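Here's query-v4.cif, which has mmCIF, C-alpha atoms:
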data_entry
#
loop_
_atom_site.group_PDB
_atom_site.id
_atom_site.type_symbol
_atom_site.label_atom_id
_atom_site.label_comp_id
_atom_site.auth_asym_id
_atom_site.auth_seq_id
_atom_site.Cartn_x
_atom_site.Cartn_y
_atom_site.Cartn_z
ATOM 1 C CA MET D 1435 -3.077 19.823 4.916
ATOM 2 C CA THR D 1436 -5.301 16.703 4.870
ATOM 3 C CA ASP D 1437 -8.008 16.088 2.279
ATOM 4 C CA GLU D 1438 -10.623 16.805 4.955
ATOM 5 C CA GLN D 1439 -8.984 20.134 5.819
ATOM 6 C CA MET D 1440 -8.716 21.094 2.142
ATOM 7 C CA VAL D 1441 -12.384 20.230 1.536
ATOM 8 C CA ALA D 1442 -13.507 22.167 4.620
ATOM 9 C CA GLY D 1443 -11.408 25.161 3.576
ATOM 10 C CA CYS D 1444 -12.639 25.051 -0.028
ATOM 11 C CA LEU D 1445 -16.240 24.939 1.209
ATOM 12 C CA LYS D 1446 -15.517 28.215 3.029
ATOM 13 C CA GLY D 1447 -13.854 29.702 -0.077
ATOM 14 C CA ASP D 1448 -10.417 29.748 1.605
ATOM 15 C CA PRO D 1449 -7.808 30.515 -1.100
ATOM 16 C CA ILE D 1450 -5.061 28.762 0.901
ATOM 17 C CA ALA D 1451 -7.081 25.521 0.948
ATOM 18 C CA GLN D 1452 -7.907 25.931 -2.758
ATOM 19 C CA LYS D 1453 -4.231 26.380 -3.611
ATOM 20 C CA ALA D 1454 -3.285 23.344 -1.487
ATOM 21 C CA LEU D 1455 -5.951 21.232 -3.195
ATOM 22 C CA TYR D 1456 -4.796 22.367 -6.621
ATOM 23 C CA GLN D 1457 -1.138 21.685 -5.840
ATOM 24 C CA ALA D 1458 -1.946 18.255 -4.412
ATOM 25 C CA HIS D 1459 -3.927 17.105 -7.454
ATOM 26 C CA ALA D 1460 -3.051 19.237 -10.508
ATOM 27 C CA ARG D 1461 -0.264 17.039 -11.873
ATOM 28 C CA LYS D 1462 -2.337 13.850 -11.910
ATOM 29 C CA MET D 1463 -5.381 15.705 -13.249
ATOM 30 C CA MET D 1464 -3.290 17.213 -16.046
ATOM 31 C CA SER D 1465 -2.360 13.707 -17.196
ATOM 32 C CA ILE D 1466 -6.079 12.852 -17.334
ATOM 33 C CA CYS D 1467 -6.803 16.022 -19.324
ATOM 34 C CA MET D 1468 -3.949 15.235 -21.729
ATOM 35 C CA ARG D 1469 -5.587 11.904 -22.588
ATOM 36 C CA TYR D 1470 -8.682 13.704 -23.876
ATOM 37 C CA ALA D 1471 -7.266 16.919 -25.355
ATOM 38 C CA PRO D 1472 -5.575 17.204 -28.742
ATOM 39 C CA ASP D 1473 -2.761 19.331 -27.311
ATOM 40 C CA ARG D 1474 -1.277 20.644 -24.070
ATOM 41 C CA GLU D 1475 -2.941 24.059 -24.377
ATOM 42 C CA GLN D 1476 -6.433 22.559 -24.560
ATOM 43 C CA ALA D 1477 -5.576 20.135 -21.743
ATOM 44 C CA GLN D 1478 -4.648 23.134 -19.599
ATOM 45 C CA ASP D 1479 -7.993 24.751 -20.460
ATOM 46 C CA ILE D 1480 -9.808 21.579 -19.388
ATOM 47 C CA LEU D 1481 -7.735 21.460 -16.201
ATOM 48 C CA GLN D 1482 -8.597 25.064 -15.356
ATOM 49 C CA ASP D 1483 -12.306 24.597 -16.142
ATOM 50 C CA GLY D 1484 -12.292 21.363 -14.170
ATOM 51 C CA PHE D 1485 -10.824 22.959 -11.062
ATOM 52 C CA VAL D 1486 -13.337 25.811 -11.297
ATOM 53 C CA LYS D 1487 -16.077 23.136 -11.239
ATOM 54 C CA VAL D 1488 -14.367 21.332 -8.360
ATOM 55 C CA PHE D 1489 -14.349 24.513 -6.273
ATOM 56 C CA GLN D 1490 -17.918 25.434 -7.267
ATOM 57 C CA LYS D 1491 -19.294 21.960 -6.569
ATOM 58 C CA MET D 1492 -17.221 20.995 -3.543
ATOM 59 C CA ASP D 1493 -20.472 20.656 -1.597
ATOM 60 C CA HIS D 1494 -21.295 17.664 -3.853
ATOM 61 C CA PHE D 1495 -18.289 15.719 -2.525
ATOM 62 C CA ARG D 1496 -19.780 13.270 -0.023
ATOM 63 C CA GLY D 1497 -16.514 11.807 1.235
ATOM 64 C CA ASP D 1498 -17.605 8.224 0.503
ATOM 65 C CA GLY D 1499 -14.594 7.728 -1.776
ATOM 66 C CA PRO D 1500 -11.187 9.311 -2.266
ATOM 67 C CA LEU D 1501 -11.127 13.034 -3.017
ATOM 68 C CA GLY D 1502 -8.703 12.422 -5.900
ATOM 69 C CA GLY D 1503 -11.193 10.045 -7.521
ATOM 70 C CA TRP D 1504 -13.983 12.610 -7.287
ATOM 71 C CA ILE D 1505 -11.727 15.306 -8.772
ATOM 72 C CA ALA D 1506 -10.639 12.914 -11.568
ATOM 73 C CA ARG D 1507 -14.291 12.187 -12.428
ATOM 74 C CA THR D 1508 -14.912 15.949 -12.576
ATOM 75 C CA MET D 1509 -11.949 16.335 -14.972
ATOM 76 C CA VAL D 1510 -13.222 13.537 -17.227
ATOM 77 C CA ASN D 1511 -16.694 15.089 -17.276
ATOM 78 C CA THR D 1512 -15.211 18.516 -18.064
ATOM 79 C CA ALA D 1513 -13.230 16.989 -20.942
ATOM 80 C CA LEU D 1514 -16.366 15.240 -22.220
ATOM 81 C CA ASP D 1515 -18.310 18.520 -22.059
ATOM 82 C CA GLN D 1516 -15.687 20.136 -24.269
ATOM 83 C CA ILE D 1517 -15.670 17.189 -26.666
ATOM 84 C CA ARG D 1518 -19.476 17.244 -26.943
ATOM 85 C CA ARG D 1519 -19.324 20.964 -27.762
ATOM 86 C CA ASN D 1520 -16.835 20.214 -30.559
ATOM 87 C CA LYS D 1521 -18.925 17.254 -31.832
ATOM 88 C CA PRO D 1522 -16.195 14.835 -33.059
ATOM 89 C CA PHE D 1523 -18.806 12.103 -33.627
ATOM 90 C CA GLU D 1524 -20.913 13.844 -36.273
ATOM 91 C CA HIS D 1525 -19.461 11.795 -39.124
ATOM 92 C CA SER D 1526 -19.207 8.476 -37.293
ATOM 93 C CA LEU D 1527 -20.500 5.275 -38.811
ATOM 94 C CA ASP D 1528 -22.737 3.095 -36.684
ATOM 95 C CA LEU D 1529 -21.462 -0.493 -36.904
ATOM 96 C CA THR D 1530 -23.377 -3.358 -35.349
ATOM 97 C CA GLU D 1531 -20.326 -5.300 -34.205
ATOM 98 C CA ALA D 1532 -16.863 -4.363 -32.999
ATOM 99 C CA GLU D 1533 -13.922 -6.611 -32.320
ATOM 100 C CA HIS D 1534 -12.448 -6.918 -28.858
ATOM 101 C CA LEU D 1535 -8.788 -6.348 -28.049
ATOM 102 C CA HIS D 1536 -6.516 -9.078 -29.288
ATOM 103 C CA ALA D 1537 -3.794 -10.336 -26.962
ATOM 104 C CA THR D 1538 -1.126 -9.085 -29.379
ATOM 105 C CA ASP D 1539 -2.531 -5.541 -29.163
ATOM 106 C CA SER D 1540 -2.288 -5.659 -25.379
ATOM 107 C CA GLN D 1541 1.243 -7.104 -25.504
ATOM 108 C CA ALA D 1542 2.436 -4.508 -28.007
ATOM 109 C CA ILE D 1543 0.902 -1.671 -26.028
ATOM 110 C CA SER D 1544 2.256 -2.936 -22.696
ATOM 111 C CA ALA D 1545 5.779 -2.958 -24.208
ATOM 112 C CA LEU D 1546 5.563 0.840 -24.571
ATOM 113 C CA SER D 1547 6.499 3.339 -21.887
ATOM 114 C CA THR D 1548 3.733 5.478 -20.406
ATOM 115 C CA ASP D 1549 5.025 8.502 -22.307
ATOM 116 C CA GLU D 1550 5.082 6.578 -25.609
ATOM 117 C CA LEU D 1551 1.528 5.355 -25.024
ATOM 118 C CA MET D 1552 0.366 8.886 -24.137
ATOM 119 C CA ASP D 1553 1.913 10.200 -27.369
ATOM 120 C CA LEU D 1554 0.091 7.521 -29.383
ATOM 121 C CA ILE D 1555 -3.238 8.243 -27.680
ATOM 122 C CA GLN D 1556 -2.672 11.967 -28.251
ATOM 123 C CA ALA D 1557 -2.296 11.273 -31.988
ATOM 124 C CA LEU D 1558 -5.772 9.729 -32.239
ATOM 125 C CA PRO D 1559 -8.572 11.817 -33.788
ATOM 126 C CA PRO D 1560 -10.849 13.269 -31.048
ATOM 127 C CA GLY D 1561 -13.734 10.802 -31.418
ATOM 128 C CA TYR D 1562 -11.442 7.785 -31.381
ATOM 129 C CA ARG D 1563 -9.366 9.176 -28.497
ATOM 130 C CA THR D 1564 -12.420 9.858 -26.349
ATOM 131 C CA VAL D 1565 -13.957 6.415 -26.741
ATOM 132 C CA PHE D 1566 -10.564 4.702 -26.367
ATOM 133 C CA ASN D 1567 -9.926 6.557 -23.095
ATOM 134 C CA LEU D 1568 -13.390 5.890 -21.706
ATOM 135 C CA PHE D 1569 -13.420 2.187 -22.640
ATOM 136 C CA ALA D 1570 -9.811 0.990 -22.437
ATOM 137 C CA ILE D 1571 -8.484 3.283 -19.710
ATOM 138 C CA GLU D 1572 -11.461 4.412 -17.618
ATOM 139 C CA GLY D 1573 -13.285 1.061 -17.984
ATOM 140 C CA TYR D 1574 -16.745 2.299 -18.982
ATOM 141 C CA PRO D 1575 -18.979 -0.082 -20.987
ATOM 142 C CA HIS D 1576 -19.922 0.989 -24.524
ATOM 143 C CA LYS D 1577 -23.562 1.466 -23.544
ATOM 144 C CA GLU D 1578 -22.622 4.013 -20.859
ATOM 145 C CA ILE D 1579 -20.093 5.706 -23.180
ATOM 146 C CA GLY D 1580 -22.868 6.113 -25.740
ATOM 147 C CA GLU D 1581 -25.102 7.736 -23.134
ATOM 148 C CA MET D 1582 -22.303 10.037 -21.942
ATOM 149 C CA LEU D 1583 -21.472 11.218 -25.454
ATOM 150 C CA GLY D 1584 -24.950 11.225 -26.979
ATOM 151 C CA ILE D 1585 -24.081 8.487 -29.489
ATOM 152 C CA SER D 1586 -25.293 4.922 -29.900
ATOM 153 C CA GLU D 1587 -23.619 1.982 -28.203
ATOM 154 C CA ASN D 1588 -22.659 0.662 -31.642
ATOM 155 C CA THR D 1589 -21.053 3.973 -32.599
ATOM 156 C CA SER D 1590 -18.979 3.726 -29.427
ATOM 157 C CA LYS D 1591 -17.910 0.195 -30.408
ATOM 158 C CA SER D 1592 -17.114 1.390 -33.920
ATOM 159 C CA GLN D 1593 -15.027 4.300 -32.639
ATOM 160 C CA PHE D 1594 -13.112 1.958 -30.326
ATOM 161 C CA MET D 1595 -12.470 -0.521 -33.144
ATOM 162 C CA LYS D 1596 -11.207 2.302 -35.365
ATOM 163 C CA ALA D 1597 -9.044 3.663 -32.528
ATOM 164 C CA ARG D 1598 -7.420 0.248 -32.104
ATOM 165 C CA ALA D 1599 -6.723 -0.027 -35.825
ATOM 166 C CA TYR D 1600 -5.324 3.497 -35.865
ATOM 167 C CA LEU D 1601 -3.100 2.794 -32.844
ATOM 168 C CA ARG D 1602 -1.869 -0.404 -34.470
ATOM 169 C CA LYS D 1603 -0.697 1.676 -37.460
ATOM 170 C CA LEU D 1604 1.015 4.157 -35.137
ATOM 171 C CA LEU D 1605 2.873 1.555 -33.082
ATOM 172 C CA PRO D 1606 6.622 1.858 -33.503
ATOM 173 C CA LYS D 1607 7.725 -0.561 -36.228
ATOM 174 C CA GLU D 1608 10.014 -2.565 -33.936
ATOM 175 C CA THR D 1609 7.173 -3.113 -31.413
ATOM 176 C CA ALA D 1610 4.681 -3.987 -34.144
ATOM 177 C CA ASN D 1611 7.149 -6.394 -35.811
ATOM 178 C CA MET D 1612 7.841 -8.049 -32.459
ATOM 179 C CA TYR D 1613 4.226 -9.167 -32.386
ATOM 180 C CA GLY D 1614 3.735 -9.992 -36.061
ATOM 181 C CA HIS D 1615 2.026 -6.738 -37.172
#
Is it possible to express this structure as structure tokens?
Amino acid sequence: MTDEQMVAGCLKGDPIAQKALYQAHARKMMSICMRYAPDREQAQDILQDGFVKVFQKMDHFRGDGPLGGWIARTMVNTALDQIRRNKPFEHSLDLTEAEHLHATDSQAISALSTDELMDLIQALPPGYRTVFNLFAIEGYPHKEIGEMLGISENTSKSQFMKARAYLRKLLPKETANMYGH
């Protein structure tokens, strides 16, 4: 079934098209949910809620980009909704400046496998993990992250800086030593 056929079927409420859409995209979407959730169970909840939104809002898909990208954006927004409800930023400090990634951080992180990196990201506290994902992985600017999460741009920068420091501490010793950490 093509994306166009799945979309058309989902718009009609066809369970066969819905199942095909889910099966075509669930695995990739689960990896997105895992980046934002503290554990697999909550990631599965986000995935389920996200697909409910996808099916309910299929009429919002304009077809001007890939269907998978639209579904991924829905999953990120669903994860952010859950994070906002849990308010991980309530005790954040608002710093005026934040450092940018150092080359050694990027080298140390790129030496890790995807699974190792996912485990490290999963270990971050929720506020750090959310900002890290949105900035370093999704590519959003701090100003937009602040707007999405209802925090200031500087709080976003602060959370990212703290996430980097936290990740640096979590890096496997041999990787950290390789780069002078």
### Message
List as a list of chain:residue names the protein and nucleic acid residues near stretch 1561-1574 of chain D, meaning an atom at most 7 Å away when all atoms listed in the file are counted, but skip any in the same chain fewer than 2 places from it.
### Response
D:Arg1469, D:Tyr1470, D:Pro1522, D:Phe1523, D:Ile1555, D:Leu1558, D:Pro1559, D:His1576, D:Glu1578, D:Ile1579, D:Ser1590, D:Gln1593, D:Phe1594, D:Lys1596, D:Ala1597
### Ground truth for the PyMOL selection byres ((chain D and resi 1489) around 12), written as number ranges by chain
D: 1440-1449, 1451-1453, 1455-1456, 1482-1488, 1490-1495, 1504-1505, 1508
Put a box with edges along x, y and z around all the listed atoms of stretch 1555-1567 of chain D, pad it by 4 Å on each side, then give me its centre and sizes in Å, one decimal, as lines of an AutoDock Vina configuration file.
center_x = -8.1
center_y = 9.0
center_z = -28.4
size_x = 19.7
size_y = 16.6
size_z = 18.7
Might you spell out which residues the PyMOL selection byres ((chain D and resi 1480) around 12) would select in the displayed file, as a PDB file with C-alpha atoms, keeping the file's coordinate frame?
ATOM      1  CA  ALA D1460      -3.051  19.237 -10.508  1.00  0.00           C
ATOM      2  CA  MET D1463      -5.381  15.705 -13.249  1.00  0.00           C
ATOM      3  CA  MET D1464      -3.290  17.213 -16.046  1.00  0.00           C
ATOM      4  CA  SER D1465      -2.360  13.707 -17.196  1.00  0.00           C
ATOM      5  CA  ILE D1466      -6.079  12.852 -17.334  1.00  0.00           C
ATOM      6  CA  CYS D1467      -6.803  16.022 -19.324  1.00  0.00           C
ATOM      7  CA  MET D1468      -3.949  15.235 -21.729  1.00  0.00           C
ATOM      8  CA  ARG D1469      -5.587  11.904 -22.588  1.00  0.00           C
ATOM      9  CA  TYR D1470      -8.682  13.704 -23.876  1.00  0.00           C
ATOM     10  CA  ALA D1471      -7.266  16.919 -25.355  1.00  0.00           C
ATOM     11  CA  PRO D1472      -5.575  17.204 -28.742  1.00  0.00           C
ATOM     12  CA  ASP D1473      -2.761  19.331 -27.311  1.00  0.00           C
ATOM     13  CA  ARG D1474      -1.277  20.644 -24.070  1.00  0.00           C
ATOM     14  CA  GLU D1475      -2.941  24.059 -24.377  1.00  0.00           C
ATOM     15  CA  GLN D1476      -6.433  22.559 -24.560  1.00  0.00           C
ATOM     16  CA  ALA D1477      -5.576  20.135 -21.743  1.00  0.00           C
ATOM     17  CA  GLN D1478      -4.648  23.134 -19.599  1.00  0.00           C
ATOM     18  CA  ASP D1479      -7.993  24.751 -20.460  1.00  0.00           C
ATOM     19  CA  LEU D1481      -7.735  21.460 -16.201  1.00  0.00           C
ATOM     20  CA  GLN D1482      -8.597  25.064 -15.356  1.00  0.00           C
ATOM     21  CA  ASP D1483     -12.306  24.597 -16.142  1.00  0.00           C
ATOM     22  CA  GLY D1484     -12.292  21.363 -14.170  1.00  0.00           C
ATOM     23  CA  PHE D1485     -10.824  22.959 -11.062  1.00  0.00           C
ATOM     24  CA  VAL D1486     -13.337  25.811 -11.297  1.00  0.00           C
ATOM     25  CA  LYS D1487     -16.077  23.136 -11.239  1.00  0.00           C
ATOM     26  CA  VAL D1488     -14.367  21.332  -8.360  1.00  0.00           C
ATOM     27  CA  ALA D1506     -10.639  12.914 -11.568  1.00  0.00           C
ATOM     28  CA  THR D1508     -14.912  15.949 -12.576  1.00  0.00           C
ATOM     29  CA  MET D1509     -11.949  16.335 -14.972  1.00  0.00           C
ATOM     30  CA  VAL D1510     -13.222  13.537 -17.227  1.00  0.00           C
ATOM     31  CA  ASN D1511     -16.694  15.089 -17.276  1.00  0.00           C
ATOM     32  CA  THR D1512     -15.211  18.516 -18.064  1.00  0.00           C
ATOM     33  CA  ALA D1513     -13.230  16.989 -20.942  1.00  0.00           C
ATOM     34  CA  LEU D1514     -16.366  15.240 -22.220  1.00  0.00           C
ATOM     35  CA  ASP D1515     -18.310  18.520 -22.059  1.00  0.00           C
ATOM     36  CA  GLN D1516     -15.687  20.136 -24.269  1.00  0.00           C
ATOM     37  CA  ILE D1517     -15.670  17.189 -26.666  1.00  0.00           C
TER      38      ILE D1517
END
### Task
Grab the atom CA of D:Leu1583 to atom CA of D:Gln1556 distance for me, in Å with one decimal place.
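Between atom CA of D:Leu1583 and atom CA of D:Gln1556 the gap is 19.0 Å.
Between atom CA of D:Arg1598 and atom CA of D:Met1582 there is a distance of 20.5 Å.
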### Query
What is the atom CA of D:Leu1554 to atom CA of D:Leu1604 distance in Å?
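Distance reported for this atom pair: 6.7 Å.
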